[in-house]
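S.K.: Contents of entry-v7.cif (mmCIF, C-alpha atoms and all ligand atoms) are given next:
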```cif
data_start
#
loop_
_atom_site.label_atom_id
_atom_site.label_comp_id
_atom_site.auth_asym_id
_atom_site.auth_seq_id
_atom_site.Cartn_x
_atom_site.Cartn_y
_atom_site.Cartn_z
CA MET A 412 180.69 183.42 230.46
CA ALA A 413 178.01 183.21 227.79
CA PRO A 414 178.36 185.38 224.67
CA PRO A 415 176.25 188.58 224.80
CA LEU A 416 173.88 187.48 222.03
CA CYS A 417 173.08 184.29 223.82
CA SER A 418 172.29 185.97 227.10
CA ARG A 419 170.05 188.46 225.36
CA VAL A 420 168.10 185.66 223.72
CA LEU A 421 167.80 183.96 227.05
CA GLU A 422 166.68 187.23 228.62
CA ARG A 423 164.01 187.72 226.00
CA PHE A 424 162.87 184.16 226.47
CA LEU A 425 162.58 184.75 230.20
CA VAL A 426 160.63 187.97 229.73
CA MET A 427 158.27 186.21 227.33
CA PHE A 428 157.82 183.38 229.75
CA VAL A 429 157.04 185.72 232.62
CA LEU A 430 154.54 187.68 230.53
CA ILE A 431 152.73 184.54 229.42
CA PHE A 432 152.73 183.29 232.97
CA ILE A 433 151.19 186.49 234.32
CA ARG A 434 148.70 186.80 231.49
CA ALA A 435 147.54 183.22 231.89
CA ASN A 436 146.82 183.91 235.51
CA ALA A 437 145.20 187.26 234.91
CA SER A 438 142.77 186.03 232.27
CA ASP A 439 141.57 182.94 234.10
CA PRO A 440 138.87 183.85 236.59
CA PRO A 441 140.96 182.91 239.59
CA LEU A 442 138.26 182.51 242.22
CA THR A 443 135.89 179.54 242.47
CA LEU A 444 133.24 178.45 244.95
CA ASP A 445 134.69 174.95 245.43
CA TYR A 446 138.35 175.94 245.67
CA TYR A 447 138.96 174.03 248.94
CA LYS A 448 136.51 171.23 248.25
CA SER A 449 139.13 168.49 248.30
CA THR A 450 141.91 170.22 250.26
CA CYS A 451 139.92 171.61 253.18
CA PRO A 452 136.28 170.59 252.87
CA ARG A 453 135.28 171.84 256.32
CA VAL A 454 136.82 175.31 256.11
CA LEU A 455 133.45 177.06 255.81
CA ASP A 456 132.15 175.28 258.92
CA ILE A 457 135.26 176.14 260.92
CA VAL A 458 135.14 179.83 260.06
CA ARG A 459 131.41 179.95 260.74
CA ARG A 460 131.81 178.33 264.15
CA GLU A 461 134.56 180.74 265.20
CA MET A 462 132.60 183.74 263.96
CA GLU A 463 129.56 182.56 265.92
CA CYS A 464 131.66 182.55 269.10
CA ALA A 465 133.10 185.98 268.32
CA VAL A 466 129.79 187.64 267.46
CA PHE A 467 127.82 186.06 270.31
CA SER A 468 130.45 187.25 272.79
CA ASP A 469 130.26 190.78 271.32
CA PRO A 470 128.06 191.71 268.34
CA ARG A 471 130.41 194.54 267.42
CA ASN A 472 132.89 191.89 266.30
CA ALA A 473 130.72 191.45 263.21
CA ALA A 474 131.28 195.09 262.25
CA ILE A 475 134.96 194.88 263.10
CA ILE A 476 135.53 191.95 260.73
CA VAL A 477 133.52 193.48 257.87
CA ARG A 478 135.58 196.67 258.08
CA LEU A 479 138.85 194.71 258.27
CA HIS A 480 137.93 192.92 255.04
CA MET A 481 137.17 196.21 253.28
CA HIS A 482 140.47 197.72 254.41
CA ASP A 483 142.24 194.63 253.12
CA CYS A 484 140.62 194.76 249.67
CA PHE A 485 141.18 198.49 249.10
CA VAL A 486 144.95 198.17 249.44
CA GLN A 487 146.58 196.10 246.65
CA GLY A 488 143.55 193.81 246.49
CA CYS A 489 142.12 191.24 248.91
CA ASP A 490 145.43 189.67 249.80
CA GLY A 491 145.64 189.68 253.59
CA SER A 492 148.14 192.57 253.45
CA VAL A 493 146.23 194.46 256.16
CA LEU A 494 146.90 191.62 258.62
CA LEU A 495 150.69 191.88 258.47
CA ASP A 496 152.54 193.23 261.50
CA ASP A 497 155.45 195.65 261.41
CA THR A 498 158.87 193.95 261.14
CA ILE A 499 162.37 195.29 260.42
CA THR A 500 161.83 194.78 256.71
CA LEU A 501 158.09 195.40 256.42
CA LYS A 502 156.10 198.54 257.15
CA SER A 503 152.57 197.43 257.93
CA GLU A 504 149.31 199.13 257.00
CA LYS A 505 148.14 199.14 260.59
CA LYS A 506 149.23 202.69 261.39
CA ALA A 507 147.91 204.26 258.20
CA ALA A 508 145.58 207.21 258.78
CA GLN A 509 142.28 205.32 258.63
CA ASN A 510 143.63 202.30 260.54
CA ASN A 511 145.64 203.75 263.44
CA HIS A 512 143.76 203.23 266.74
CA SER A 513 140.75 202.19 264.77
CA LEU A 514 141.15 198.94 262.85
CA ARG A 515 140.61 195.82 264.94
CA GLY A 516 139.83 192.11 264.65
CA PHE A 517 143.39 190.81 264.35
CA LYS A 518 143.03 188.46 267.33
CA ILE A 519 139.80 187.04 265.93
CA MET A 520 141.66 186.36 262.69
CA ASP A 521 144.52 184.69 264.61
CA ARG A 522 142.06 182.41 266.32
CA ILE A 523 140.21 181.39 263.13
CA LYS A 524 143.50 180.85 261.33
CA LEU A 525 144.72 178.63 264.18
CA MET A 526 141.62 176.45 263.94
CA VAL A 527 141.83 176.23 260.15
CA GLU A 528 145.55 175.41 260.27
CA SER A 529 144.96 172.63 262.79
CA GLU A 530 142.60 170.97 260.33
CA CYS A 531 144.31 171.72 257.01
CA PRO A 532 147.80 173.13 257.52
CA GLY A 533 149.14 175.45 254.84
CA VAL A 534 146.07 175.29 252.64
CA VAL A 535 143.69 178.20 253.21
CA SER A 536 144.94 181.77 252.72
CA CYS A 537 144.34 184.47 255.35
CA ALA A 538 142.74 186.58 252.62
CA ASP A 539 140.15 183.85 251.97
CA ILE A 540 139.51 183.30 255.68
CA LEU A 541 138.85 187.02 256.13
CA THR A 542 136.49 187.07 253.14
CA ILE A 543 134.49 184.11 254.48
CA ALA A 544 134.49 185.62 257.98
CA ALA A 545 133.08 188.91 256.68
CA ARG A 546 130.22 187.10 254.95
CA ASP A 547 129.47 185.12 258.11
CA ALA A 548 129.64 188.29 260.20
CA VAL A 549 126.91 189.86 258.08
CA ILE A 550 124.67 186.79 258.33
CA LEU A 551 125.13 186.51 262.10
CA VAL A 552 123.73 189.99 262.67
CA GLY A 553 120.77 189.49 260.36
CA GLY A 554 122.13 190.44 256.95
CA PRO A 555 121.99 188.65 253.58
CA TYR A 556 123.76 185.45 252.56
CA TRP A 557 125.96 185.13 249.52
CA ASP A 558 128.34 182.48 248.18
CA VAL A 559 132.00 183.40 248.63
CA PRO A 560 134.33 182.79 245.68
CA LEU A 561 137.70 181.51 246.96
CA GLY A 562 141.29 181.02 245.86
CA ARG A 563 143.05 184.24 246.92
CA LYS A 564 146.71 184.16 247.80
CA ASP A 565 148.32 186.09 250.65
CA ALA A 566 150.65 188.91 249.71
CA ARG A 567 154.27 188.94 250.77
CA THR A 568 154.13 192.72 251.02
CA ALA A 569 152.03 195.41 252.63
CA ASN A 570 151.69 198.99 251.46
CA TYR A 571 151.45 201.75 254.06
CA GLU A 572 151.42 204.56 251.50
CA LEU A 573 148.66 202.93 249.48
CA ALA A 574 146.64 202.42 252.68
CA ASN A 575 146.92 206.15 253.33
CA ALA A 576 145.97 206.96 249.75
CA ASN A 577 143.17 204.47 249.08
CA LEU A 578 141.10 204.27 252.25
CA PRO A 579 138.29 206.83 252.41
CA GLY A 580 137.96 209.10 255.43
CA ALA A 581 134.95 210.47 257.28
CA ASN A 582 135.76 214.09 256.48
CA GLU A 583 136.50 213.55 252.84
CA GLY A 584 134.31 214.98 250.09
CA LEU A 585 131.86 212.84 248.15
CA VAL A 586 133.65 213.30 244.83
CA SER A 587 136.94 212.18 246.30
CA ILE A 588 135.35 209.14 247.93
CA ILE A 589 133.60 208.17 244.69
CA ALA A 590 136.96 208.41 242.92
CA LYS A 591 138.44 205.96 245.41
CA PHE A 592 135.72 203.40 244.69
CA ILE A 593 135.99 203.85 240.92
CA ASN A 594 139.72 203.38 241.29
CA GLN A 595 138.98 199.94 242.77
CA GLY A 596 136.71 199.01 239.88
CA LEU A 597 133.63 199.66 242.01
CA SER A 598 130.69 201.82 240.93
CA VAL A 599 128.70 204.58 242.63
CA THR A 600 125.99 201.98 243.27
CA ASP A 601 128.56 199.71 244.89
CA MET A 602 129.72 202.61 247.05
CA VAL A 603 126.26 203.49 248.32
CA ALA A 604 125.33 199.85 248.93
CA LEU A 605 128.62 198.93 250.62
CA SER A 606 128.39 201.98 252.86
CA GLY A 607 125.28 200.24 254.20
CA ALA A 608 127.77 198.24 256.28
CA HIS A 609 127.56 201.27 258.57
CA THR A 610 124.24 199.84 259.71
CA ILE A 611 126.39 198.02 262.27
CA GLY A 612 129.38 199.07 264.36
CA MET A 613 130.82 202.13 266.01
CA ALA A 614 132.88 205.18 265.17
CA ARG A 615 135.26 207.04 267.43
CA CYS A 616 134.62 210.60 268.48
CA GLU A 617 137.68 211.60 266.48
CA SER A 618 135.88 210.52 263.30
CA PHE A 619 132.88 212.82 263.75
CA ARG A 620 134.02 215.65 266.05
CA ALA A 621 134.58 218.07 263.17
CA ARG A 622 130.96 217.63 262.21
CA LEU A 623 129.68 218.44 265.68
CA TYR A 624 131.63 221.62 266.32
CA GLY A 625 132.64 223.17 263.04
CA ASP A 626 134.00 222.35 259.68
CA LEU A 627 137.67 223.15 260.13
CA GLU A 628 138.84 219.65 259.26
CA LEU A 629 136.27 219.03 256.57
CA THR A 630 137.56 219.02 253.03
CA SER A 631 133.96 219.11 251.88
CA GLU A 632 130.82 220.98 252.71
CA LYS A 633 129.47 220.26 256.18
CA SER A 634 126.34 218.19 255.81
CA PRO A 635 123.44 219.20 258.02
CA MET A 636 122.72 217.12 261.10
CA ALA A 637 119.50 216.98 263.08
CA GLU A 638 119.84 219.21 266.16
CA SER A 639 118.64 216.72 268.77
CA TYR A 640 121.05 214.16 267.42
CA ILE A 641 123.98 216.62 267.58
CA ASN A 642 123.27 217.32 271.24
CA SER A 643 123.17 213.68 272.21
CA LEU A 644 126.52 213.12 270.50
CA ARG A 645 128.22 216.11 272.05
CA SER A 646 128.20 214.64 275.55
CA ALA A 647 130.10 211.58 274.39
CA CYS A 648 132.35 213.67 272.18
CA PRO A 649 133.34 216.99 273.74
CA ALA A 650 134.93 219.65 271.54
CA PHE A 651 138.26 219.59 273.32
CA GLY A 652 140.41 216.96 274.97
CA PHE A 653 142.12 214.07 273.31
CA SER A 654 140.94 211.77 276.10
CA SER A 655 137.58 211.45 274.37
CA ASN A 656 139.04 210.62 270.94
CA ASN A 657 138.38 206.92 271.34
CA ASN A 658 134.93 207.29 272.91
CA VAL A 659 132.58 205.53 270.49
CA SER A 660 129.06 206.13 269.18
CA ALA A 661 126.97 203.82 267.02
CA LEU A 662 126.97 204.49 263.28
CA ASP A 663 123.29 203.47 263.34
CA TYR A 664 121.96 204.33 266.77
CA VAL A 665 118.53 202.78 266.15
CA THR A 666 119.73 199.19 265.62
CA PRO A 667 123.52 199.22 266.10
CA ASN A 668 123.84 195.42 266.18
CA LEU A 669 121.36 194.56 263.47
CA PHE A 670 122.15 194.42 259.78
CA ASP A 671 119.10 196.18 258.34
CA ASN A 672 118.38 199.25 256.21
CA SER A 673 117.85 201.69 259.08
CA TYR A 674 121.22 203.31 258.26
CA TYR A 675 119.64 204.71 255.08
CA GLN A 676 116.50 205.78 256.90
CA LEU A 677 118.71 207.75 259.29
CA LEU A 678 120.44 209.48 256.38
CA VAL A 679 117.06 210.57 255.05
CA ARG A 680 116.38 212.15 258.46
CA GLY A 681 119.77 213.90 258.62
CA GLN A 682 121.04 211.54 261.28
CA GLY A 683 124.06 210.02 259.64
CA LEU A 684 126.95 209.93 262.08
CA LEU A 685 129.83 210.54 259.68
CA ASN A 686 129.94 213.51 257.38
CA SER A 687 130.77 211.10 254.56
CA ASP A 688 127.59 209.11 255.30
CA GLN A 689 125.34 212.14 255.31
CA GLU A 690 126.84 213.63 252.17
CA MET A 691 125.50 210.76 250.08
CA TYR A 692 122.04 212.07 250.83
CA SER A 693 122.39 215.81 251.35
CA SER A 694 125.17 216.94 249.08
CA LEU A 695 124.26 218.98 246.03
CA LEU A 696 126.70 216.71 244.23
CA GLY A 697 124.93 213.67 245.55
CA ILE A 698 121.97 213.53 243.21
CA GLU A 699 122.67 209.99 242.05
CA THR A 700 123.69 208.77 245.49
CA ARG A 701 120.65 210.47 246.99
CA HIS A 702 118.31 208.40 244.82
CA LEU A 703 120.09 205.23 245.86
CA VAL A 704 119.93 206.13 249.57
CA GLN A 705 116.22 206.80 249.15
CA LYS A 706 115.71 203.48 247.38
CA TYR A 707 117.53 201.42 250.04
CA ALA A 708 115.72 203.30 252.82
CA GLU A 709 112.42 202.21 251.31
CA ASP A 710 113.32 198.74 250.12
CA PRO A 711 115.41 196.54 252.46
CA LEU A 712 115.42 193.60 250.06
CA GLU A 713 116.81 195.73 247.26
CA PHE A 714 119.57 196.84 249.66
CA PHE A 715 120.34 193.25 250.68
CA LYS A 716 120.52 192.10 247.08
CA GLN A 717 122.85 194.92 246.03
CA PHE A 718 124.99 194.64 249.17
CA ALA A 719 125.59 190.92 248.56
CA GLU A 720 126.47 191.56 244.92
CA SER A 721 128.79 194.44 245.77
CA MET A 722 130.53 192.44 248.50
CA VAL A 723 131.37 189.73 245.96
CA LYS A 724 132.69 192.45 243.65
CA MET A 725 134.77 194.03 246.40
CA GLY A 726 136.06 190.59 247.40
CA ASN A 727 137.13 190.11 243.80
CA ILE A 728 139.62 193.00 243.79
CA THR A 729 142.71 191.11 242.80
CA ASN A 730 146.35 191.43 243.67
CA TYR A 731 147.86 190.00 240.49
CA ASP A 732 151.33 189.89 242.01
CA SER A 733 150.01 187.65 244.73
CA LEU A 734 148.48 185.27 242.22
CA VAL A 735 151.96 184.67 240.89
CA SER A 736 154.21 185.14 243.89
CA GLY A 737 151.79 185.04 246.80
CA GLU A 738 151.52 182.28 249.34
CA VAL A 739 149.33 180.73 251.99
CA ARG A 740 150.64 182.30 255.15
CA LYS A 741 151.09 180.09 258.19
CA ASN A 742 150.54 183.03 260.52
CA CYS A 743 148.41 185.88 259.21
CA ARG A 744 150.68 188.45 260.90
CA PHE A 745 153.89 187.42 259.11
CA ILE A 746 154.95 186.31 255.67
CA ASN A 747 156.39 182.79 255.51
CA SER A 748 160.12 182.99 255.91
CA LEU A 749 163.16 181.93 253.90
CA SER A 750 162.96 179.51 250.97
CA HIS A 751 160.10 181.20 249.17
CA SER A 752 161.85 184.57 248.84
CA GLU A 753 164.90 183.21 247.00
CA GLU A 754 163.46 183.55 243.51
C1 LIG B 801 132.22 205.19 251.72
C2 LIG B 801 133.34 205.42 252.32
C3 LIG B 801 133.61 205.04 253.74
C4 LIG B 801 134.09 205.85 254.69
C5 LIG B 801 134.48 207.31 254.54
C6 LIG B 801 134.18 205.09 255.91
C7 LIG B 801 134.68 205.57 257.11
C8 LIG B 801 134.55 204.93 258.32
C9 LIG B 801 134.95 205.49 259.58
C10 LIG B 801 135.59 206.85 259.78
C11 LIG B 801 134.62 204.60 260.54
C12 LIG B 801 134.83 204.76 262.04
C13 LIG B 801 136.25 204.39 262.38
C14 LIG B 801 136.61 204.78 263.79
O1 LIG B 801 136.28 205.90 264.20
O2 LIG B 801 137.28 203.98 264.46
C15 LIG B 801 134.03 203.46 259.89
C16 LIG B 801 133.56 202.33 260.53
C17 LIG B 801 133.08 201.22 259.88
N1 LIG B 801 133.10 201.01 258.51
FE1 LIG B 801 133.37 202.41 257.11
N2 LIG B 801 133.74 203.82 255.67
C18 LIG B 801 133.39 203.73 254.36
C19 LIG B 801 132.96 202.59 253.71
C20 LIG B 801 132.83 201.36 254.31
C21 LIG B 801 132.63 200.12 253.61
C22 LIG B 801 132.58 199.98 252.09
C23 LIG B 801 132.52 199.13 254.55
C24 LIG B 801 132.33 197.65 254.37
C25 LIG B 801 131.69 197.09 253.37
C26 LIG B 801 132.64 199.78 255.84
C27 LIG B 801 132.49 199.14 257.05
C28 LIG B 801 132.58 199.77 258.28
C29 LIG B 801 132.17 199.16 259.53
C30 LIG B 801 131.49 197.82 259.69
C31 LIG B 801 132.50 200.07 260.55
C32 LIG B 801 132.34 199.87 262.06
C33 LIG B 801 133.59 199.21 262.61
C34 LIG B 801 133.61 199.02 264.11
O3 LIG B 801 132.59 198.95 264.76
O4 LIG B 801 134.75 198.91 264.63
N3 LIG B 801 132.85 201.11 255.66
N4 LIG B 801 134.02 203.67 258.53
C1 LIG B 802 136.25 188.76 239.15
O1 LIG B 802 137.44 189.12 238.47
C2 LIG B 802 137.71 188.35 237.31
C3 LIG B 802 139.00 188.84 236.74
O2 LIG B 802 140.02 188.71 237.66
C4 LIG B 802 136.57 188.53 236.32
O3 LIG B 802 136.79 187.69 235.22
C5 LIG B 802 135.25 188.17 236.96
O4 LIG B 802 134.19 188.44 236.10
C6 LIG B 802 135.07 188.93 238.25
N1 LIG B 802 133.86 188.49 238.92
C7 LIG B 802 133.01 189.33 239.50
C8 LIG B 802 131.85 188.71 240.17
O5 LIG B 802 133.16 190.54 239.50
C1 LIG B 803 149.46 206.38 265.39
O1 LIG B 803 149.17 206.60 266.74
C2 LIG B 803 150.30 206.79 267.57
C3 LIG B 803 149.88 206.82 269.02
O2 LIG B 803 148.91 207.79 269.25
C4 LIG B 803 150.99 208.07 267.16
O3 LIG B 803 152.12 208.32 267.98
C5 LIG B 803 151.42 207.93 265.72
O4 LIG B 803 151.96 209.16 265.27
C6 LIG B 803 150.26 207.53 264.82
N1 LIG B 803 150.83 207.13 263.57
C7 LIG B 803 150.60 207.77 262.46
C8 LIG B 803 151.35 207.32 261.30
O5 LIG B 803 149.78 208.69 262.38
C1 LIG B 804 132.60 209.34 276.81
O1 LIG B 804 131.20 209.29 276.64
C2 LIG B 804 130.43 209.26 277.82
C3 LIG B 804 128.98 209.19 277.44
O2 LIG B 804 128.76 208.12 276.59
C4 LIG B 804 130.69 210.51 278.64
O3 LIG B 804 129.99 210.44 279.86
C5 LIG B 804 132.18 210.63 278.91
O4 LIG B 804 132.44 211.84 279.55
C6 LIG B 804 132.97 210.57 277.62
N1 LIG B 804 134.37 210.53 277.93
C7 LIG B 804 135.19 211.54 277.63
C8 LIG B 804 136.62 211.35 278.02
O5 LIG B 804 134.81 212.53 277.05
#
```
Kindly present the structure from the file in structure tokens form.
M.R.:
Amino acid sequence: MAPPLCSRVLERFLVMFVLIFIRANASDPPLTLDYYKSTCPRVLDIVRREMECAVFSDPRNAAIIVRLHMHDCFVQGCDGSVLLDDTITLKSEKKAAQNNHSLRGFKIMDRIKLMVESECPGVVSCADILTIAARDAVILVGGPYWDVPLGRKDARTANYELANANLPGANEGLVSIIAKFINQGLSVTDMVALSGAHTIGMARCESFRARLYGDLELTSEKSPMAESYINSLRSACPAFGFSSNNNVSALDYVTPNLFDNSYYQLLVRGQGLLNSDQEMYSSLLGIETRHLVQKYAEDPLEFFKQFAESMVKMGNITNYDSLVSGEVRKNCRFINSLSHSEE
């Protein structure tokens, strides 16, 4: 047994070492554009090809992958945590309030990962694959291009509670939603621009029923909705009966499969599907967001430019634990087993 003094010195040395180690990682900009240049030079082509197949077979897959990426980044950073399945020792994020019965795209991710692994085994993280896939998804339905910084590591943990706490909901008030973006290091401008992702994809009846029939579930004011639009939605989403909960309507009914700025034009006309969408334009609290909605409704290029910039920023939300103790998962649904966890 070592004398107490000795062990304390050793302890302090270890603590110092760990601190330096973490700080070194945290201060270096960890993501780079050419991260896989020598280790997996064709990764971008592989992801693109698989996303082409997925989106051509069903354009909604573009929306599904973009949302999956967002729900990854908002919970302990973009670290692939959202992709993990439940196991005896791990409680996944998949049943969290905003994900249960709603979040999809896991099989698409499995397929891309399989193709990437067959070319460069153990090299490209699931978090990076999802980030690239989200960019490609946007391009494939007509949206802007941006370069994707890479070098994320996959987490060895998921966080169900944080998924419940961090992911914004359709019936949540504007102030609360803004707080959730600020909490991620994103601005009000980022929030309004990123919400433009709702120019593609669908929402379930359960997500907008409260808006159609009353405000019982709304934690915020009920934003006004154009009458003709309400009526068309009511048939797909009756007031009662859980059987219609998963009946879907387009978030942007004008061009549901096209990444354009018509989402903002709908908000200006009171035809946002989700209460949270409409509040950015109609809320008394939404003065700043209202100007931004107006701007993007008028200027598609300005929207594209800001969306691309904000996607890079969202993709940059970092899980610092994963930088140190993360890994490149072999299977996006499960952490790699054994040896790695001994430390
Ligand atoms: C501003 C706060 C946001 C709220 C409250 C919100 C809420 C929602 C809700 C309730 C749905 C429908 C889910 C369902 O019923 O199954 C949805 C769908 C979607 N969200 Fe958001 N969202 C927000 C921001 C974002 C952001 C930042 C992105 C990505 C950049 C995004 C991308 C999408 C996409 C693409 C869909 C359609 C998915 C599909 O077709 O399956 N959302 N969102
Ligand atoms: C990404 O995060 C790093 C810190 O981890 C920071 O240095 C860098 O400026 C960020 N980049 C962007 C585009 O936000
Ligand atoms: C998720 O959905 C299932 C099936 O409808 C339900 O039984 C469960 O309570 C939901 N989970 C949570 C955590 O809300
Ligand atoms: C789902 O929506 C369709 C219209 O799009 C409607 O005819 C049908 O009754 C709805 N299903 C349920 C269970 O409400």
S.K.: Tell me which of A:Ala614, A:Ala604, A:Leu644, A:Met722 sits closest to ligand LIG 804 (chain B), counting only C-alpha atoms and all ligand atoms.
M.R.: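 Among A:Ala614, A:Ala604, A:Leu644, A:Met722, it is A:Leu644 that comes nearest to ligand LIG 804 (chain B).
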S.K.: What does the structure give for the distance between atom CA of Val454 of chain A and atom CA of Val527 of chain A, in Å to one decimal?
M.R.: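 So the two atoms, atom CA of Val454 of chain A and atom CA of Val527 of chain A, lie 6.5 Å apart.
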S.K.: I'd like the interatomic distance between atom CA of Gln676 of chain A and atom CA of Ala508 of chain A, to a tenth of an Å.
M.R.: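 One can read the atom CA of Gln676 of chain A to atom CA of Ala508 of chain A distance as 29.2 Å.
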S.K.: Could I get the residue neighbourhood of ligand LIG 803 (chain B) at 12 Å, counting all atoms listed in the file, as a VMD selection string?
M.R.: chain A and resid 502 to 514 571 to 572 574 to 575 653 to 654 656 to 657
S.K.: May I have the residues from that selection written out with C-alpha atoms, as a PDB file, in the coordinates of the input?
M.R.:
```pdb
ATOM      1  CA  LYS A 502     156.100 198.540 257.150  1.00  0.00           C
ATOM      2  CA  SER A 503     152.570 197.430 257.930  1.00  0.00           C
ATOM      3  CA  GLU A 504     149.310 199.130 257.000  1.00  0.00           C
ATOM      4  CA  LYS A 505     148.140 199.140 260.590  1.00  0.00           C
ATOM      5  CA  LYS A 506     149.230 202.690 261.390  1.00  0.00           C
ATOM      6  CA  ALA A 507     147.910 204.260 258.200  1.00  0.00           C
ATOM      7  CA  ALA A 508     145.580 207.210 258.780  1.00  0.00           C
ATOM      8  CA  GLN A 509     142.280 205.320 258.630  1.00  0.00           C
ATOM      9  CA  ASN A 510     143.630 202.300 260.540  1.00  0.00           C
ATOM     10  CA  ASN A 511     145.640 203.750 263.440  1.00  0.00           C
ATOM     11  CA  HIS A 512     143.760 203.230 266.740  1.00  0.00           C
ATOM     12  CA  SER A 513     140.750 202.190 264.770  1.00  0.00           C
ATOM     13  CA  LEU A 514     141.150 198.940 262.850  1.00  0.00           C
ATOM     14  CA  TYR A 571     151.450 201.750 254.060  1.00  0.00           C
ATOM     15  CA  GLU A 572     151.420 204.560 251.500  1.00  0.00           C
ATOM     16  CA  ALA A 574     146.640 202.420 252.680  1.00  0.00           C
ATOM     17  CA  ASN A 575     146.920 206.150 253.330  1.00  0.00           C
ATOM     18  CA  PHE A 653     142.120 214.070 273.310  1.00  0.00           C
ATOM     19  CA  SER A 654     140.940 211.770 276.100  1.00  0.00           C
ATOM     20  CA  ASN A 656     139.040 210.620 270.940  1.00  0.00           C
ATOM     21  CA  ASN A 657     138.380 206.920 271.340  1.00  0.00           C
TER      22      ASN A 657
END
```
S.K.: Kindly compile the residues surrounding ligand LIG 804 (chain B) within 6 Å, counting all atoms listed in the file, and format them as a list in words.
M.R.: Ser646, Ala647, Cys648, Pro649, Ser654, Ser655 and Asn658 of chain A
S.K.: Just C-alpha atoms for this one: save the residues we selected as a PDB file, in the frame of the given file.
M.R.:
```
ATOM      1  CA  SER A 646     128.200 214.640 275.550  1.00  0.00           C
ATOM      2  CA  ALA A 647     130.100 211.580 274.390  1.00  0.00           C
ATOM      3  CA  CYS A 648     132.350 213.670 272.180  1.00  0.00           C
ATOM      4  CA  PRO A 649     133.340 216.990 273.740  1.00  0.00           C
ATOM      5  CA  SER A 654     140.940 211.770 276.100  1.00  0.00           C
ATOM      6  CA  SER A 655     137.580 211.450 274.370  1.00  0.00           C
ATOM      7  CA  ASN A 658     134.930 207.290 272.910  1.00  0.00           C
TER       8      ASN A 658
END
```
S.K.: Please list, as a list in words, the residues that have an atom at most 10 Å away from (139.4, 182.2, 265.3) in the coordinates of this file, counting only C-alpha atoms.
M.R.: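 Every polymer residue passing the test: Ile457, Val458, Arg459, Arg460, Glu461, Met462, Glu463, Cys464, Ala465, Gly516, Phe517, Lys518, Ile519, Met520, Asp521, Arg522, Ile523, Lys524, Leu525, Met526, Val527, Ile540 and Ala544 of chain A.
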S.K.: Could you tell me how far atom CA of Gly562 of chain A lies from atom CA of Asp456 of chain A, in Å and to one decimal?
M.R.: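 It comes out at 16.9 Å.
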S.K.: Go through the chains and note each residue within 7 Å of ligand LIG 801 (chain B), using all atoms listed in the file, then give the set as a ChimeraX atom specification.
M.R.: /A:471,474-475,477-478,481,509,512-515,579-581,583,588,602,605-606,608-609,611-618,685,687,722
S.K.: Given a cut-off of 12 Å, what residues near ligand LIG 802 (chain B) show up using all atoms listed in the file, put as a count of residues only?
M.R.: 40
S.K.: Point out the residue among A:Thr568, A:Gln705, A:Asn594, A:Thr498 with the least atom-to-atom distance to Ser673 of chain A, counting all atoms listed in the file.
M.R.: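 Result for the nearest residue to Ser673 of chain A: A:Gln705.
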S.K.: My list of candidates is A:Thr610, A:Ser468, A:Asn668, A:Asn582. Which is closest to Tyr707 of chain A when distances are computed with only C-alpha atoms?
M.R.: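 Ranking A:Thr610, A:Ser468, A:Asn668, A:Asn582 by distance to Tyr707 of chain A, first place goes to A:Thr610.
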S.K.: Go through A:Val659, A:Leu578, A:Val599, A:Ala650 and flag the residue nearest Val493 of chain A, using all atoms listed in the file for the distances.
M.R.: A:Leu578
S.K.: Which residue out of A:Ala637, A:Ile746, A:Leu585, A:Ala661 has the minimum interatomic distance to Leu695 of chain A when all atoms listed in the file are used?
M.R.: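 The closest residue to Leu695 of chain A is A:Leu585.
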S.K.: Considering only C-alpha atoms, can you say which of A:Leu662, A:Leu703, A:Val549, A:Ile543 comes closest to Val603 of chain A?
M.R.: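 The shortest atom-to-atom distance to Val603 of chain A comes from A:Leu703.
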S.K.: Give me the residues within 9 Å of Met636 of chain A as a short mmCIF file (atom, residue, chain, number, x, y, z; two decimals) with C-alpha atoms, in the coordinates of the input, counting all atoms listed in the file and dropping any in the same chain fewer than 4 places off.
M.R.:
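File selection_16.cif, as written:
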```cif
data_model
loop_
_atom_site.label_atom_id
_atom_site.label_comp_id
_atom_site.auth_asym_id
_atom_site.auth_seq_id
_atom_site.Cartn_x
_atom_site.Cartn_y
_atom_site.Cartn_z
CA ARG A 622 130.96 217.63 262.21
CA LEU A 623 129.68 218.44 265.68
CA TYR A 640 121.05 214.16 267.42
CA ILE A 641 123.98 216.62 267.58
CA ARG A 680 116.38 212.15 258.46
CA GLY A 681 119.77 213.90 258.62
CA GLN A 682 121.04 211.54 261.28
CA GLY A 683 124.06 210.02 259.64
CA LEU A 684 126.95 209.93 262.08
CA ASN A 686 129.94 213.51 257.38
CA GLN A 689 125.34 212.14 255.31
#
```
